[in-house]
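As stored in structure-v2.tsv (TSV, C-alpha atoms):
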chain	number	residue	atom	x	y	z
U	1	MET	CA	23.46	39.08	-101.39
U	2	ALA	CA	20.18	37.29	-102.13
U	3	MET	CA	19.47	34.02	-100.37
U	4	SER	CA	19.32	31.96	-103.58
U	5	THR	CA	22.71	33.30	-104.67
U	6	LEU	CA	24.14	32.38	-101.28
U	7	LEU	CA	22.65	28.87	-101.45
U	8	LEU	CA	24.08	28.24	-104.90
U	9	HIS	CA	27.44	29.65	-103.82
U	10	TYR	CA	27.76	27.36	-100.79
U	11	MET	CA	26.51	24.37	-102.78
U	12	GLN	CA	29.28	24.90	-105.32
U	13	TRP	CA	31.89	24.84	-102.56
U	14	PHE	CA	30.38	21.68	-101.11
U	15	LEU	CA	30.48	19.98	-104.51
U	16	VAL	CA	34.12	21.04	-105.00
U	17	PHE	CA	34.87	19.43	-101.63
U	18	CYS	CA	33.12	16.22	-102.79
U	19	ILE	CA	35.14	16.25	-106.01
U	20	VAL	CA	38.42	16.57	-104.07
U	21	VAL	CA	37.47	13.68	-101.75
U	22	CYS	CA	36.53	11.49	-104.74
U	23	VAL	CA	39.87	12.29	-106.41
U	24	VAL	CA	41.66	11.26	-103.18
U	25	ARG	CA	39.77	7.93	-103.21
U	26	LEU	CA	40.60	7.55	-106.91
U	27	LEU	CA	44.30	8.01	-106.21
U	28	LEU	CA	44.36	5.80	-103.11
U	29	GLY	CA	42.69	2.82	-104.73
U	30	PRO	CA	43.86	0.20	-103.80
U	31	SER	CA	42.25	-2.00	-106.50
U	32	ALA	CA	40.87	-1.11	-109.94
U	33	ALA	CA	37.31	-1.73	-108.67
U	34	ASP	CA	37.74	0.92	-105.94
U	35	ARG	CA	39.04	3.38	-108.50
U	36	LEU	CA	36.08	2.67	-110.79
U	37	VAL	CA	33.64	3.27	-107.91
U	38	ALA	CA	35.32	6.61	-107.19
U	39	LEU	CA	35.30	7.52	-110.91
U	40	ASN	CA	31.58	6.74	-111.16
U	41	ILE	CA	30.75	9.03	-108.23
U	42	LEU	CA	33.18	11.69	-109.42
U	43	SER	CA	31.38	11.87	-112.76
U	44	GLY	CA	28.01	12.42	-111.04
U	45	VAL	CA	29.33	15.05	-108.65
U	46	THR	CA	31.01	16.96	-111.50
U	47	LEU	CA	27.70	16.89	-113.36
U	48	ALA	CA	25.94	18.37	-110.31
U	49	PHE	CA	28.63	21.05	-110.02
U	50	LEU	CA	28.16	22.07	-113.65
U	51	VAL	CA	24.37	22.25	-113.17
U	52	VAL	CA	24.66	24.42	-110.05
U	53	ARG	CA	27.27	26.60	-111.74
U	54	GLY	CA	24.99	27.07	-114.76
U	55	VAL	CA	22.05	28.13	-112.60
U	56	SER	CA	24.29	30.39	-110.51
U	57	GLN	CA	25.78	32.16	-113.54
U	58	GLN	CA	22.44	31.99	-115.42
U	59	ARG	CA	24.19	30.60	-118.49
U	60	VAL	CA	22.75	27.78	-120.59
U	61	LEU	CA	26.21	26.87	-121.87
U	62	TYR	CA	27.18	25.16	-118.61
U	63	LEU	CA	24.11	22.93	-118.78
U	64	ASP	CA	24.84	21.90	-122.37
U	65	VAL	CA	28.38	21.05	-121.33
U	66	ALA	CA	26.98	19.09	-118.36
U	67	LEU	CA	24.71	17.00	-120.60
U	68	VAL	CA	27.48	16.21	-123.09
U	69	TYR	CA	29.87	15.49	-120.20
U	70	ASP	CA	27.40	13.03	-118.73
U	71	ILE	CA	26.91	11.20	-122.04
U	72	PHE	CA	30.60	11.00	-122.93
U	73	GLY	CA	31.58	10.29	-119.32
U	74	PHE	CA	29.27	7.29	-119.32
U	75	LEU	CA	30.66	6.03	-122.65
U	76	GLY	CA	34.23	6.53	-121.44
U	77	PHE	CA	33.42	4.73	-118.22
U	78	LEU	CA	32.04	1.78	-120.21
U	79	ALA	CA	35.21	1.71	-122.32
U	80	ILE	CA	37.51	1.83	-119.27
U	81	ALA	CA	35.65	-1.03	-117.55
U	82	ARG	CA	35.78	-3.09	-120.75
U	83	PHE	CA	39.49	-2.40	-121.23
U	84	LEU	CA	40.34	-3.30	-117.63
U	85	LYS	CA	38.34	-6.53	-117.89
U	86	ASP	CA	40.07	-7.53	-121.13
U	87	THR	CA	43.49	-6.69	-119.68
U	88	SER	CA	42.93	-8.72	-116.52
U	89	SER	CA	41.61	-11.77	-118.46
U	90	GLU	CA	44.60	-11.60	-120.86
U	91	GLU	CA	47.03	-11.60	-117.94
U	92	GLU	CA	45.46	-14.81	-116.59
U	93	HIS	CA	45.79	-16.71	-119.89
Q	1	MET	CA	13.07	34.14	-97.94
Q	2	SER	CA	10.51	33.05	-100.49
Q	3	ILE	CA	8.96	29.60	-100.61
Q	4	ARG	CA	11.15	28.68	-103.59
Q	5	GLU	CA	14.26	29.37	-101.57
Q	6	TRP	CA	12.97	27.30	-98.64
Q	7	LEU	CA	12.28	24.36	-100.96
Q	8	ALA	CA	15.71	24.71	-102.56
Q	9	LEU	CA	17.29	24.88	-99.10
Q	10	CYS	CA	15.57	21.59	-98.15
Q	11	ALA	CA	16.78	19.93	-101.38
Q	12	PHE	CA	20.34	21.19	-100.89
Q	13	LEU	CA	20.37	20.13	-97.23
Q	14	SER	CA	19.31	16.60	-98.14
Q	15	ALA	CA	22.00	16.61	-100.86
Q	16	VAL	CA	24.63	17.61	-98.28
Q	17	VAL	CA	23.50	14.92	-95.81
Q	18	PHE	CA	23.43	12.14	-98.42
Q	19	GLY	CA	26.66	13.34	-100.06
Q	20	LEU	CA	28.56	13.37	-96.78
Q	21	ALA	CA	27.16	9.93	-95.86
Q	22	GLY	CA	28.30	8.54	-99.21
Q	23	LEU	CA	31.78	10.02	-98.88
Q	24	VAL	CA	32.20	8.69	-95.34
Q	25	GLY	CA	30.98	5.26	-96.48
Q	26	MET	CA	33.45	5.25	-99.34
Q	27	PHE	CA	36.32	5.60	-96.87
Q	28	ARG	CA	34.99	3.57	-93.94
Q	29	PHE	CA	33.94	0.38	-95.76
Q	30	HIS	CA	36.60	-2.15	-96.67
Q	31	ASP	CA	35.34	-4.07	-99.71
Q	32	PRO	CA	34.44	-2.58	-103.12
Q	33	PHE	CA	30.83	-3.81	-103.03
Q	34	SER	CA	30.08	-1.95	-99.79
Q	35	ARG	CA	31.88	1.11	-101.11
Q	36	MET	CA	29.82	0.94	-104.26
Q	37	GLN	CA	26.62	0.61	-102.26
Q	38	ALA	CA	27.46	3.62	-100.08
Q	39	GLY	CA	28.91	5.76	-102.83
Q	40	GLY	CA	26.48	4.85	-105.59
Q	41	LEU	CA	23.28	5.13	-103.57
Q	42	CYS	CA	24.20	8.29	-101.68
Q	43	GLY	CA	25.94	9.83	-104.70
Q	44	THR	CA	22.88	9.35	-106.89
Q	45	THR	CA	20.55	10.77	-104.22
Q	46	ALA	CA	22.86	13.74	-103.57
Q	47	VAL	CA	23.23	14.61	-107.25
Q	48	PHE	CA	19.49	14.20	-107.85
Q	49	SER	CA	18.63	16.41	-104.84
Q	50	THR	CA	21.10	19.02	-106.06
Q	51	CYS	CA	19.48	18.99	-109.49
Q	52	ILE	CA	16.02	19.38	-107.90
Q	53	GLY	CA	17.28	22.36	-105.88
Q	54	ALA	CA	18.81	23.90	-108.99
Q	55	LEU	CA	15.56	23.24	-110.88
Q	56	ILE	CA	13.58	25.12	-108.20
Q	57	LEU	CA	15.97	28.07	-108.41
Q	58	ALA	CA	16.17	28.04	-112.24
Q	59	PRO	CA	15.74	31.60	-113.54
Q	60	ASN	CA	14.09	30.73	-116.87
Q	61	THR	CA	12.46	27.89	-118.79
Q	62	ALA	CA	15.46	27.17	-121.03
Q	63	ILE	CA	17.61	26.32	-118.03
Q	64	ALA	CA	14.83	24.37	-116.30
Q	65	ALA	CA	14.17	22.23	-119.39
Q	66	ARG	CA	17.85	21.38	-119.71
Q	67	ILE	CA	18.04	20.41	-116.04
Q	68	VAL	CA	15.06	18.06	-116.52
Q	69	VAL	CA	16.81	16.40	-119.49
Q	70	ILE	CA	20.05	16.07	-117.48
Q	71	MET	CA	18.13	14.52	-114.56
Q	72	ALA	CA	16.40	12.03	-116.86
Q	73	PHE	CA	19.70	10.95	-118.40
Q	74	PHE	CA	21.42	10.79	-115.02
Q	75	LEU	CA	18.67	8.51	-113.67
Q	76	VAL	CA	19.55	6.06	-116.45
Q	77	SER	CA	23.34	6.40	-116.51
Q	78	ALA	CA	24.17	6.34	-112.77
Q	79	PRO	CA	22.60	2.95	-111.89
Q	80	THR	CA	23.93	1.46	-115.13
Q	81	GLY	CA	27.42	2.67	-114.20
Q	82	SER	CA	27.09	1.09	-110.76
Q	83	TYR	CA	25.97	-2.16	-112.40
Q	84	ILE	CA	29.04	-2.12	-114.68
Q	85	VAL	CA	31.34	-1.58	-111.68
Q	86	ALA	CA	29.64	-4.40	-109.76
Q	87	ARG	CA	29.97	-6.81	-112.68
Q	88	PHE	CA	33.61	-5.85	-113.19
Q	89	THR	CA	34.33	-6.33	-109.47
Q	90	TRP	CA	32.63	-9.72	-109.45
Q	91	GLN	CA	34.57	-10.88	-112.51
Q	92	THR	CA	37.83	-9.66	-110.99
Q	93	GLY	CA	37.41	-12.26	-108.28
Q	94	ILE	CA	36.56	-10.15	-105.24
Q	95	SER	CA	33.72	-11.50	-103.08
Q	96	ALA	CA	31.41	-9.40	-100.93
Q	97	GLY	CA	32.83	-8.78	-97.46
Q	98	GLU	CA	36.35	-9.36	-98.69
Q	99	GLU	CA	38.97	-6.61	-98.69
Q	100	SER	CA	39.86	-5.42	-102.17
Q	101	ALA	CA	43.62	-5.74	-101.65
Q	102	LYS	CA	43.55	-9.55	-101.40
Q	103	PRO	CA	41.11	-11.30	-103.80
Q	104	LYS	CA	40.83	-15.05	-103.11
Q	105	ARG	CA	37.91	-16.31	-105.21
Q	106	LEU	CA	38.67	-17.53	-108.73
Q	107	PRO	CA	37.46	-15.37	-111.66
Q	108	HIS	CA	33.93	-16.03	-112.89
Q	109	HIS	CA	34.84	-17.28	-116.38
Q	110	LYS	CA	37.16	-19.93	-114.92
Q	111	GLU	CA	34.41	-21.28	-112.67
Q	112	THR	CA	32.13	-21.96	-115.63
Q	113	THR	CA	34.72	-23.91	-117.66
Translate this file's structure into structure tokens.
Amino acid sequence: MAMSTLLLHYMQWFLVFCIVVCVVRLLLGPSAADRLVALNILSGVTLAFLVVRGVSQQRVLYLDVALVYDIFGFLGFLAIARFLKDTSSEEEH
Amino acid sequence: MSIREWLALCAFLSAVVFGLAGLVGMFRFHDPFSRMQAGGLCGTTAVFSTCIGALILAPNTAIAARIVVIMAFFLVSAPTGSYIVARFTWQTGISAGEESAKPKRLPHHKETT
């Protein structure tokens, strides 16, 4: 196996490990802010995984998916933060 | 090993070091601001280093160009996301150095009225 293939292979496993740890933090919480921090990092790590997977498989499709995932992930993240803020301010009134 | 593989190895090693540091910080720190600092800073550096390593190992120009676009967008979206989390945390009423489970400070919009 070539060295570059090996590097990309191990990097994918490391990124999967990071994703699992971020999901654990996301589930543990305890507050919404902690979950948002974990979600923010999870989105970036998933993006890196898709990029490494695309280079490893030599397919452009993974990179297109990664770009769209990053854009929509950011928009979804904005919407979640906005929704949580509105919900918490409504509960106080 | 060619020089490209050595450079990619360096980028991936730095990604592993920063990624592990960020993950450990996310679990060891107690308040959301410190967690965000550890996770956001190290997460951004790790993802960026990974993208640089992948860019070095890219087999053709189509893949390399897409990775450059992804990196450019990520450089904008990741700090903005961290800023949104920080603002949300501040408005929730959690102060820096305070554990997230027991917020004591009043929310920001109540202080201004």
Given all atoms listed in the file, how would the per-residue table for chain U near chain Q read, listing every residue at most 9 Å away with its closest atom pair and distance in Å to one decimal, sorted by chain and number, as JSON lines?
{"residue": "U:Ala2", "atom": "CA", "partner": "Q:Met1", "partner_atom": "CA", "distance": 8.8}
{"residue": "U:Met3", "atom": "CA", "partner": "Q:Met1", "partner_atom": "CA", "distance": 6.8}
{"residue": "U:Ser4", "atom": "CA", "partner": "Q:Glu5", "partner_atom": "CA", "distance": 6.0}
{"residue": "U:Leu7", "atom": "CA", "partner": "Q:Leu9", "partner_atom": "CA", "distance": 7.1}
{"residue": "U:Leu8", "atom": "CA", "partner": "Q:Ala54", "partner_atom": "CA", "distance": 8.0}
{"residue": "U:Met11", "atom": "CA", "partner": "Q:Phe12", "partner_atom": "CA", "distance": 7.2}
{"residue": "U:Phe14", "atom": "CA", "partner": "Q:Val16", "partner_atom": "CA", "distance": 7.6}
{"residue": "U:Leu15", "atom": "CA", "partner": "Q:Gly19", "partner_atom": "CA", "distance": 8.9}
{"residue": "U:Cys18", "atom": "CA", "partner": "Q:Leu23", "partner_atom": "CA", "distance": 7.5}
{"residue": "U:Val21", "atom": "CA", "partner": "Q:Leu23", "partner_atom": "CA", "distance": 7.3}
{"residue": "U:Cys22", "atom": "CA", "partner": "Q:Leu23", "partner_atom": "CA", "distance": 7.7}
{"residue": "U:Arg25", "atom": "CA", "partner": "Q:Phe27", "partner_atom": "CA", "distance": 7.6}
{"residue": "U:Pro30", "atom": "CA", "partner": "Q:Ala101", "partner_atom": "CA", "distance": 6.3}
{"residue": "U:Ser31", "atom": "CA", "partner": "Q:Ser100", "partner_atom": "CA", "distance": 6.0}
{"residue": "U:Ala32", "atom": "CA", "partner": "Q:Thr89", "partner_atom": "CA", "distance": 8.4}
{"residue": "U:Ala33", "atom": "CA", "partner": "Q:Thr89", "partner_atom": "CA", "distance": 5.5}
{"residue": "U:Asp34", "atom": "CA", "partner": "Q:Pro32", "partner_atom": "CA", "distance": 5.6}
{"residue": "U:Leu36", "atom": "CA", "partner": "Q:Val85", "partner_atom": "CA", "distance": 6.4}
{"residue": "U:Val37", "atom": "CA", "partner": "Q:Met36", "partner_atom": "CA", "distance": 5.8}
{"residue": "U:Ala38", "atom": "CA", "partner": "Q:Gly39", "partner_atom": "CA", "distance": 7.8}
{"residue": "U:Asn40", "atom": "CA", "partner": "Q:Gly81", "partner_atom": "CA", "distance": 6.6}
{"residue": "U:Ile41", "atom": "CA", "partner": "Q:Gly43", "partner_atom": "CA", "distance": 6.0}
{"residue": "U:Leu42", "atom": "CA", "partner": "Q:Gly43", "partner_atom": "CA", "distance": 8.8}
{"residue": "U:Gly44", "atom": "CA", "partner": "Q:Val47", "partner_atom": "CA", "distance": 6.5}
{"residue": "U:Val45", "atom": "CA", "partner": "Q:Val47", "partner_atom": "CA", "distance": 6.3}
{"residue": "U:Leu47", "atom": "CA", "partner": "Q:Val47", "partner_atom": "CA", "distance": 7.9}
{"residue": "U:Ala48", "atom": "CA", "partner": "Q:Val47", "partner_atom": "CA", "distance": 5.6}
{"residue": "U:Phe49", "atom": "CA", "partner": "Q:Thr50", "partner_atom": "CA", "distance": 8.7}
{"residue": "U:Val51", "atom": "CA", "partner": "Q:Cys51", "partner_atom": "CA", "distance": 6.9}
{"residue": "U:Val52", "atom": "CA", "partner": "Q:Ala54", "partner_atom": "CA", "distance": 6.0}
{"residue": "U:Gly54", "atom": "CA", "partner": "Q:Ile63", "partner_atom": "CA", "distance": 8.1}
{"residue": "U:Val55", "atom": "CA", "partner": "Q:Ala58", "partner_atom": "CA", "distance": 5.9}
{"residue": "U:Ser56", "atom": "CA", "partner": "Q:Ala58", "partner_atom": "CA", "distance": 8.6}
{"residue": "U:Gln58", "atom": "CA", "partner": "Q:Pro59", "partner_atom": "CA", "distance": 7.0}
{"residue": "U:Arg59", "atom": "CA", "partner": "Q:Ile63", "partner_atom": "CA", "distance": 7.9}
{"residue": "U:Val60", "atom": "CA", "partner": "Q:Ile63", "partner_atom": "CA", "distance": 5.9}
{"residue": "U:Leu63", "atom": "CA", "partner": "Q:Arg66", "partner_atom": "CA", "distance": 6.5}
{"residue": "U:Asp64", "atom": "CA", "partner": "Q:Arg66", "partner_atom": "CA", "distance": 7.5}
{"residue": "U:Ala66", "atom": "CA", "partner": "Q:Ile70", "partner_atom": "CA", "distance": 7.6}
{"residue": "U:Leu67", "atom": "CA", "partner": "Q:Ile70", "partner_atom": "CA", "distance": 5.7}
{"residue": "U:Asp70", "atom": "CA", "partner": "Q:Phe74", "partner_atom": "CA", "distance": 7.4}
{"residue": "U:Ile71", "atom": "CA", "partner": "Q:Phe73", "partner_atom": "CA", "distance": 8.1}
{"residue": "U:Phe74", "atom": "CA", "partner": "Q:Ser77", "partner_atom": "CA", "distance": 6.6}
{"residue": "U:Phe77", "atom": "CA", "partner": "Q:Gly81", "partner_atom": "CA", "distance": 7.5}
{"residue": "U:Leu78", "atom": "CA", "partner": "Q:Ile84", "partner_atom": "CA", "distance": 7.4}
{"residue": "U:Ala81", "atom": "CA", "partner": "Q:Phe88", "partner_atom": "CA", "distance": 6.8}
{"residue": "U:Arg82", "atom": "CA", "partner": "Q:Phe88", "partner_atom": "CA", "distance": 8.3}
{"residue": "U:Leu84", "atom": "CA", "partner": "Q:Phe88", "partner_atom": "CA", "distance": 8.5}
{"residue": "U:Lys85", "atom": "CA", "partner": "Q:Phe88", "partner_atom": "CA", "distance": 6.7}
{"residue": "U:Ser88", "atom": "CA", "partner": "Q:Thr92", "partner_atom": "CA", "distance": 7.6}
{"residue": "U:Ser89", "atom": "CA", "partner": "Q:Thr92", "partner_atom": "CA", "distance": 8.6}
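Compared by their closest atoms to His9 of chain U, and using only C-alpha atoms, the residues U:Thr46, U:Leu39, U:Arg53, U:Gly29 rank with U:Arg53 nearest.
Between atom CA of Ile80 of chain U and atom CA of Tyr62 of chain U lies a distance of 25.5 Å.
Atom pair atom CA of Leu26 of chain U / atom CA of Ala11 of chain Q: separated by 27.4 Å.
Rounded to one decimal, atom CA of Ala72 of chain Q and atom CA of Ile52 of chain Q lie 11.6 Å from each other.
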Starting from the sparse input, extend segment 51-74 of chain Q to N, CA and C atoms and give the output as an mmCIF file, keeping the file's coordinate frame.
data_model
loop_
_atom_site.group_PDB
_atom_site.id
_atom_site.type_symbol
_atom_site.label_atom_id
_atom_site.label_comp_id
_atom_site.auth_asym_id
_atom_site.auth_seq_id
_atom_site.Cartn_x
_atom_site.Cartn_y
_atom_site.Cartn_z
ATOM 1 N N CYS Q 51 20.147 18.591 -108.242
ATOM 2 C CA CYS Q 51 19.480 18.990 -109.490
ATOM 3 C C CYS Q 51 18.063 19.509 -109.206
ATOM 4 N N ILE Q 52 17.360 18.895 -108.246
ATOM 5 C CA ILE Q 52 16.020 19.380 -107.900
ATOM 6 C C ILE Q 52 16.101 20.796 -107.317
ATOM 7 N N GLY Q 53 17.082 21.019 -106.441
ATOM 8 C CA GLY Q 53 17.280 22.360 -105.880
ATOM 9 C C GLY Q 53 17.595 23.385 -106.951
ATOM 10 N N ALA Q 54 18.472 22.987 -107.892
ATOM 11 C CA ALA Q 54 18.810 23.900 -108.990
ATOM 12 C C ALA Q 54 17.605 24.146 -109.889
ATOM 13 N N LEU Q 55 16.772 23.108 -110.068
ATOM 14 C CA LEU Q 55 15.560 23.240 -110.880
ATOM 15 C C LEU Q 55 14.594 24.242 -110.242
ATOM 16 N N ILE Q 56 14.487 24.192 -108.907
ATOM 17 C CA ILE Q 56 13.580 25.120 -108.200
ATOM 18 C C ILE Q 56 14.079 26.559 -108.353
ATOM 19 N N LEU Q 57 15.412 26.719 -108.327
ATOM 20 C CA LEU Q 57 15.970 28.070 -108.410
ATOM 21 C C LEU Q 57 16.235 28.538 -109.845
ATOM 22 N N ALA Q 58 15.863 27.701 -110.843
ATOM 23 C CA ALA Q 58 16.170 28.040 -112.240
ATOM 24 C C ALA Q 58 15.514 29.357 -112.636
ATOM 25 N N PRO Q 59 16.292 30.278 -113.237
ATOM 26 C CA PRO Q 59 15.740 31.600 -113.540
ATOM 27 C C PRO Q 59 14.802 31.635 -114.749
ATOM 28 N N ASN Q 60 14.988 30.719 -115.703
ATOM 29 C CA ASN Q 60 14.090 30.730 -116.870
ATOM 30 C C ASN Q 60 13.807 29.303 -117.352
ATOM 31 N N THR Q 61 12.914 29.201 -118.326
ATOM 32 C CA THR Q 61 12.460 27.890 -118.790
ATOM 33 C C THR Q 61 13.541 27.128 -119.535
ATOM 34 N N ALA Q 62 14.416 27.850 -120.251
ATOM 35 C CA ALA Q 62 15.460 27.170 -121.030
ATOM 36 C C ALA Q 62 16.375 26.385 -120.095
ATOM 37 N N ILE Q 63 16.740 27.002 -118.987
ATOM 38 C CA ILE Q 63 17.610 26.320 -118.030
ATOM 39 C C ILE Q 63 16.863 25.173 -117.352
ATOM 40 N N ALA Q 64 15.609 25.401 -116.981
ATOM 41 C CA ALA Q 64 14.830 24.370 -116.300
ATOM 42 C C ALA Q 64 14.644 23.134 -117.189
ATOM 43 N N ALA Q 65 14.371 23.353 -118.472
ATOM 44 C CA ALA Q 65 14.170 22.230 -119.390
ATOM 45 C C ALA Q 65 15.447 21.416 -119.526
ATOM 46 N N ARG Q 66 16.580 22.112 -119.598
ATOM 47 C CA ARG Q 66 17.850 21.380 -119.710
ATOM 48 C C ARG Q 66 18.145 20.572 -118.451
ATOM 49 N N ILE Q 67 17.802 21.141 -117.298
ATOM 50 C CA ILE Q 67 18.040 20.410 -116.040
ATOM 51 C C ILE Q 67 17.181 19.144 -115.999
ATOM 52 N N VAL Q 68 15.942 19.246 -116.500
ATOM 53 C CA VAL Q 68 15.060 18.060 -116.520
ATOM 54 C C VAL Q 68 15.661 16.966 -117.415
ATOM 55 N N VAL Q 69 16.197 17.380 -118.585
ATOM 56 C CA VAL Q 69 16.810 16.400 -119.490
ATOM 57 C C VAL Q 69 18.031 15.754 -118.826
ATOM 58 N N ILE Q 70 18.852 16.583 -118.161
ATOM 59 C CA ILE Q 70 20.050 16.070 -117.480
ATOM 60 C C ILE Q 70 19.640 15.076 -116.389
ATOM 61 N N MET Q 71 18.586 15.417 -115.635
ATOM 62 C CA MET Q 71 18.130 14.520 -114.560
ATOM 63 C C MET Q 71 17.644 13.189 -115.136
ATOM 64 N N ALA Q 72 16.912 13.261 -116.244
ATOM 65 C CA ALA Q 72 16.400 12.030 -116.860
ATOM 66 C C ALA Q 72 17.558 11.144 -117.319
ATOM 67 N N PHE Q 73 18.565 11.752 -117.944
ATOM 68 C CA PHE Q 73 19.700 10.950 -118.400
ATOM 69 C C PHE Q 73 20.500 10.413 -117.223
ATOM 70 N N PHE Q 74 20.637 11.230 -116.192
ATOM 71 C CA PHE Q 74 21.420 10.790 -115.020
ATOM 72 C C PHE Q 74 20.737 9.610 -114.324
#
